[in-house]
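As structure tokens, the structure follows; a few thoughts come after it.
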Amino acid sequence: MARVFSGIQPSGVLTIGNYLGALRHFAIKQETEETVYCIVDLHALTLPKDPDALRLQIRTLAATYLAVGIDPLKSILFVQSHVPEHAELAWLLQCMSYMGEVSRMTQFKEKAEGKESVPVGLFTYPVLQAADILLYDTNIVPVGEDQKQHIELCRDIAMRFNQRFGNVFVIPEHQIPKLGAKIMSLEDPNKKMSKSNPNPASYISLMDEPSVVKKKIIRAVTDTGCEIKDDPEHKPGVANLLTINALCSNRTIAELEALFAGKGYGDLKKDTAEVVVATLSPIQDRVKDILETTELEEALTVGAERARVIASQTLTRVKKVMGLL
Ligand code: AMP
Ligand code: TRP
């Protein structure tokens, strides 16, 4: 069995991009692999956060993991800051990483752009991410397209470490889903759908009400022409709706192209809105129920205990080879 690790930041609402590109696969993976999933709250602190809002976002993200089917008996589900080994290994790895390679990270460049003062933590964020992954002897990291560069950095740091100190770390590989790795904005289908976009019409939140979902999809920017076919280069808007529809309805893109042959964009949008609502409604109901129980706290306590057993062994190994007493 391979060890699988992934994390999501509790920063703002989750979008259907997070679900289709990441969370949905996390739930599938736990059936066949040894899975470890983390709510990366320390990563969320890299940009200013209101403490009350952050607390609520951590709980809501944990509830969302459970609501999409992550089973705390099958997966280790925990909050990053509950396992202090993450921050500690991150420091040790910072001493093994170079300014040059970390400066190349495009997510950092995007997030730092236009800011007068940039937190140091935003810069070293990918090294903390490397610590997350390496602590668990991870083989596979399922993520969306945007995280590929971070996983490559993690591999580089791990290989450098192993070369210097012997085989301490397992070298992980990223795994990007064939369909849904990059769900695009509804407002500009050439850009990634992102919760940090100031215009909520550009994304579907996992918690959007059915009427809101319908309105956003009906207004989604589509392309010139009228044919419904999967052509991301020339018809990025239509291709994006086809992807969302296929993943939510468990149909293939080819099936959808056949179904909508001779029909218009309006038909595709109406059907897509229906399948998205049918996917999100049960998740939303479960999130609301879970937030009202103590099931969540219990699951996270057990998760952190189980995570620590693995993380502390790795950290001990690392400290020893580096020469710490
Ligand atoms: P984040 O919200 O940035 O913590 O991302 C959590 C996970 O969702 C990561 O694996 C991302 O790669 C994935 N993700 C975020 N946005 C999208 C998107 N628009 N399409 C597909 N996957 C995404
Ligand atoms: N940086 C990731 C994101 O923004 C979140 C993350 C933190 C992560 N640590 C991780 C993802 C470890 C995979 C593995 O999406």
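To be explicit about the labels: the chains of the structure tokens are called A, B, and onward in the order shown, and within each one the residues are counted from 1, while ligands get numbers from 1 in the order they are shown.
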Those of range 22-270 of chain A in DSSP strand (DSSP E), formatted as number ranges by chain: A: 34-39, 75-79, 140-142, 173-175
Would you mind listing the residues within 6 Å of ligand 2, counting only C-alpha atoms and all ligand atoms, as a compact mmCIF listing (two decimals) with N, CA, C and O atoms, in the first residue's frame?
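The result, written out as part32.txt:
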```txt
# COMPACT_ATOMS: atom_id res chain seq x y z
N SER A 6 -2.02 14.63 1.71
CA SER A 6 -2.31 15.92 1.08
C SER A 6 -2.90 16.87 2.12
O SER A 6 -3.29 16.45 3.21
N GLY A 7 -2.90 18.15 1.76
CA GLY A 7 -3.40 19.16 2.69
C GLY A 7 -4.16 20.25 1.96
O GLY A 7 -3.95 20.48 0.77
N ILE A 8 -5.03 20.89 2.72
CA ILE A 8 -5.77 22.05 2.19
C ILE A 8 -5.74 23.14 3.25
O ILE A 8 -5.82 22.87 4.46
N GLN A 9 -5.62 24.38 2.77
CA GLN A 9 -5.58 25.51 3.70
C GLN A 9 -6.97 25.94 4.15
O GLN A 9 -7.85 26.05 3.32
N VAL A 40 -4.11 22.47 6.86
CA VAL A 40 -2.83 23.15 7.06
C VAL A 40 -3.05 24.58 7.58
O VAL A 40 -2.92 25.56 6.86
N GLN A 129 5.53 23.13 3.59
CA GLN A 129 4.78 22.11 2.84
C GLN A 129 5.65 20.85 2.62
O GLN A 129 5.15 19.73 2.74
N ASP A 132 5.56 18.88 5.77
CA ASP A 132 4.28 18.15 5.90
C ASP A 132 4.38 16.79 5.22
O ASP A 132 4.00 15.76 5.76
N ILE A 133 4.88 16.84 4.00
CA ILE A 133 4.89 15.63 3.15
C ILE A 133 5.94 14.63 3.65
O ILE A 133 5.67 13.44 3.79
N VAL A 141 1.36 12.36 -3.50
CA VAL A 141 0.69 13.59 -3.05
C VAL A 141 -0.36 13.99 -4.09
O VAL A 141 -0.01 14.58 -5.12
```
List the spatial neighbours of range 22-27 of chain A as a short mmCIF file (atom, residue, chain, number, x, y, z; two decimals) with N, CA, C and O atoms, in the first residue's frame - criterion: any atom at most 7 Å away, only C-alpha atoms, same-chain residues fewer than 4 positions off excluded.
```
data_model
loop_
_atom_site.label_atom_id
_atom_site.label_comp_id
_atom_site.auth_asym_id
_atom_site.auth_seq_id
_atom_site.Cartn_x
_atom_site.Cartn_y
_atom_site.Cartn_z
N ASN A 18 -11.57 23.09 -5.63
CA ASN A 18 -10.93 22.32 -4.55
C ASN A 18 -11.55 20.93 -4.45
O ASN A 18 -10.85 19.95 -4.20
N VAL A 68 -17.40 15.05 2.71
CA VAL A 68 -17.18 14.48 1.37
C VAL A 68 -16.81 13.00 1.44
O VAL A 68 -16.54 12.37 0.43
N GLY A 69 -16.77 12.48 2.66
CA GLY A 69 -16.58 11.03 2.78
C GLY A 69 -15.25 10.59 3.36
O GLY A 69 -14.95 9.40 3.39
N ILE A 70 -14.42 11.54 3.83
CA ILE A 70 -13.19 11.11 4.50
C ILE A 70 -13.60 10.47 5.83
O ILE A 70 -14.26 11.11 6.64
N PRO A 142 -1.63 13.68 -3.85
CA PRO A 142 -2.65 14.10 -4.82
C PRO A 142 -2.96 15.59 -4.64
O PRO A 142 -3.29 16.03 -3.54
N VAL A 143 -2.80 16.34 -5.71
CA VAL A 143 -3.04 17.79 -5.67
C VAL A 143 -3.54 18.26 -7.03
O VAL A 143 -3.47 17.53 -8.01
N GLY A 144 -4.01 19.50 -7.08
CA GLY A 144 -4.34 20.13 -8.36
C GLY A 144 -3.05 20.59 -9.03
O GLY A 144 -1.97 20.62 -8.42
#
```
So, counting only C-alpha atoms and all ligand atoms, which residue among A:Lys178, A:Lys115, A:Arg286, A:Arg164 is closest to ligand 1?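 Of A:Lys178, A:Lys115, A:Arg286, A:Arg164, the one nearest ligand 1, counting only C-alpha atoms and all ligand atoms, is A:Lys178.
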List as a list in words the protein and nucleic acid residues near Pro200 in chain A, meaning an atom at most 12 Å away when only C-alpha atoms are counted, but skip any in the same chain fewer than 2 places from it.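 Contacts, with the query itself left out: Gly12, Val13, Leu14, Thr15, Ser185, Leu186, Glu187, Met193, Ser194, Lys195, Ser196, Asn197, Pro198, Ser202, Tyr203, Ile204, Ser205, Asp208, Val212, Val213, Lys215, Lys216, Ile217 and Ala220 of chain A.
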So which residues touch Thr224 in chain A within 12 Å, counting only C-alpha atoms, skipping near sequence neighbours fewer than 6 positions away, as a PDB file with all heavy atoms, in the first residue's frame?
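Saved the output as around.pdb:
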```pdb
ATOM      1  N   HIS A 234      -9.721  26.666 -27.860  1.00  0.00           N
ATOM      2  CA  HIS A 234     -10.592  27.614 -28.561  1.00  0.00           C
ATOM      3  C   HIS A 234     -11.901  27.879 -27.832  1.00  0.00           C
ATOM      4  O   HIS A 234     -12.553  28.887 -28.072  1.00  0.00           O
ATOM      5  CB  HIS A 234     -10.888  27.113 -29.983  1.00  0.00           C
ATOM      6  CG  HIS A 234      -9.631  26.919 -30.784  1.00  0.00           C
ATOM      7  ND1 HIS A 234      -9.100  25.669 -31.023  1.00  0.00           N
ATOM      8  CD2 HIS A 234      -8.781  27.814 -31.333  1.00  0.00           C
ATOM      9  CE1 HIS A 234      -7.978  25.812 -31.712  1.00  0.00           C
ATOM     10  NE2 HIS A 234      -7.750  27.101 -31.900  1.00  0.00           N
ATOM     11  N   LYS A 235     -12.318  26.917 -26.992  1.00  0.00           N
ATOM     12  CA  LYS A 235     -13.594  27.073 -26.283  1.00  0.00           C
ATOM     13  C   LYS A 235     -13.399  26.775 -24.799  1.00  0.00           C
ATOM     14  O   LYS A 235     -13.937  25.803 -24.258  1.00  0.00           O
ATOM     15  CB  LYS A 235     -14.624  26.077 -26.862  1.00  0.00           C
ATOM     16  CG  LYS A 235     -15.122  26.430 -28.244  1.00  0.00           C
ATOM     17  CD  LYS A 235     -16.039  25.325 -28.756  1.00  0.00           C
ATOM     18  CE  LYS A 235     -16.881  25.855 -29.902  1.00  0.00           C
ATOM     19  NZ  LYS A 235     -18.172  26.378 -29.482  1.00  0.00           N
ATOM     20  N   PRO A 236     -12.581  27.602 -24.117  1.00  0.00           N
ATOM     21  CA  PRO A 236     -12.260  27.282 -22.717  1.00  0.00           C
ATOM     22  C   PRO A 236     -13.483  27.316 -21.797  1.00  0.00           C
ATOM     23  O   PRO A 236     -13.561  26.530 -20.851  1.00  0.00           O
ATOM     24  CB  PRO A 236     -11.231  28.363 -22.332  1.00  0.00           C
ATOM     25  CG  PRO A 236     -11.437  29.469 -23.303  1.00  0.00           C
ATOM     26  CD  PRO A 236     -11.904  28.823 -24.584  1.00  0.00           C
ATOM     27  N   GLY A 237     -14.434  28.189 -22.076  1.00  0.00           N
ATOM     28  CA  GLY A 237     -15.618  28.291 -21.219  1.00  0.00           C
ATOM     29  C   GLY A 237     -16.471  27.039 -21.307  1.00  0.00           C
ATOM     30  O   GLY A 237     -16.892  26.474 -20.286  1.00  0.00           O
ATOM     31  N   VAL A 238     -16.715  26.585 -22.528  1.00  0.00           N
ATOM     32  CA  VAL A 238     -17.531  25.380 -22.730  1.00  0.00           C
ATOM     33  C   VAL A 238     -16.787  24.155 -22.180  1.00  0.00           C
ATOM     34  O   VAL A 238     -17.369  23.309 -21.503  1.00  0.00           O
ATOM     35  CB  VAL A 238     -17.856  25.207 -24.243  1.00  0.00           C
ATOM     36  CG1 VAL A 238     -18.463  23.844 -24.512  1.00  0.00           C
ATOM     37  CG2 VAL A 238     -18.786  26.318 -24.701  1.00  0.00           C
ATOM     38  N   GLY A 264     -27.896  24.001 -27.535  1.00  0.00           N
ATOM     39  CA  GLY A 264     -27.200  25.274 -27.326  1.00  0.00           C
ATOM     40  C   GLY A 264     -26.502  25.370 -25.977  1.00  0.00           C
ATOM     41  O   GLY A 264     -26.672  24.503 -25.107  1.00  0.00           O
ATOM     42  N   TYR A 265     -25.749  26.446 -25.787  1.00  0.00           N
ATOM     43  CA  TYR A 265     -25.038  26.674 -24.524  1.00  0.00           C
ATOM     44  C   TYR A 265     -26.003  26.709 -23.337  1.00  0.00           C
ATOM     45  O   TYR A 265     -25.681  26.267 -22.239  1.00  0.00           O
ATOM     46  CB  TYR A 265     -24.261  28.004 -24.562  1.00  0.00           C
ATOM     47  CG  TYR A 265     -23.067  28.007 -25.490  1.00  0.00           C
ATOM     48  CD1 TYR A 265     -22.443  29.216 -25.822  1.00  0.00           C
ATOM     49  CD2 TYR A 265     -22.553  26.836 -26.019  1.00  0.00           C
ATOM     50  CE1 TYR A 265     -21.338  29.246 -26.658  1.00  0.00           C
ATOM     51  CE2 TYR A 265     -21.453  26.856 -26.870  1.00  0.00           C
ATOM     52  CZ  TYR A 265     -20.848  28.052 -27.183  1.00  0.00           C
ATOM     53  OH  TYR A 265     -19.768  28.079 -28.009  1.00  0.00           O
TER      54      TYR A 265
END
```
As an exercise, work out the distance from CA of Ala67 in chain A to CA of Met1 in chain A in Å and give it to one decimal place.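 Spanning CA of Ala67 in chain A to CA of Met1 in chain A is a straight-line distance of 24.8 Å.
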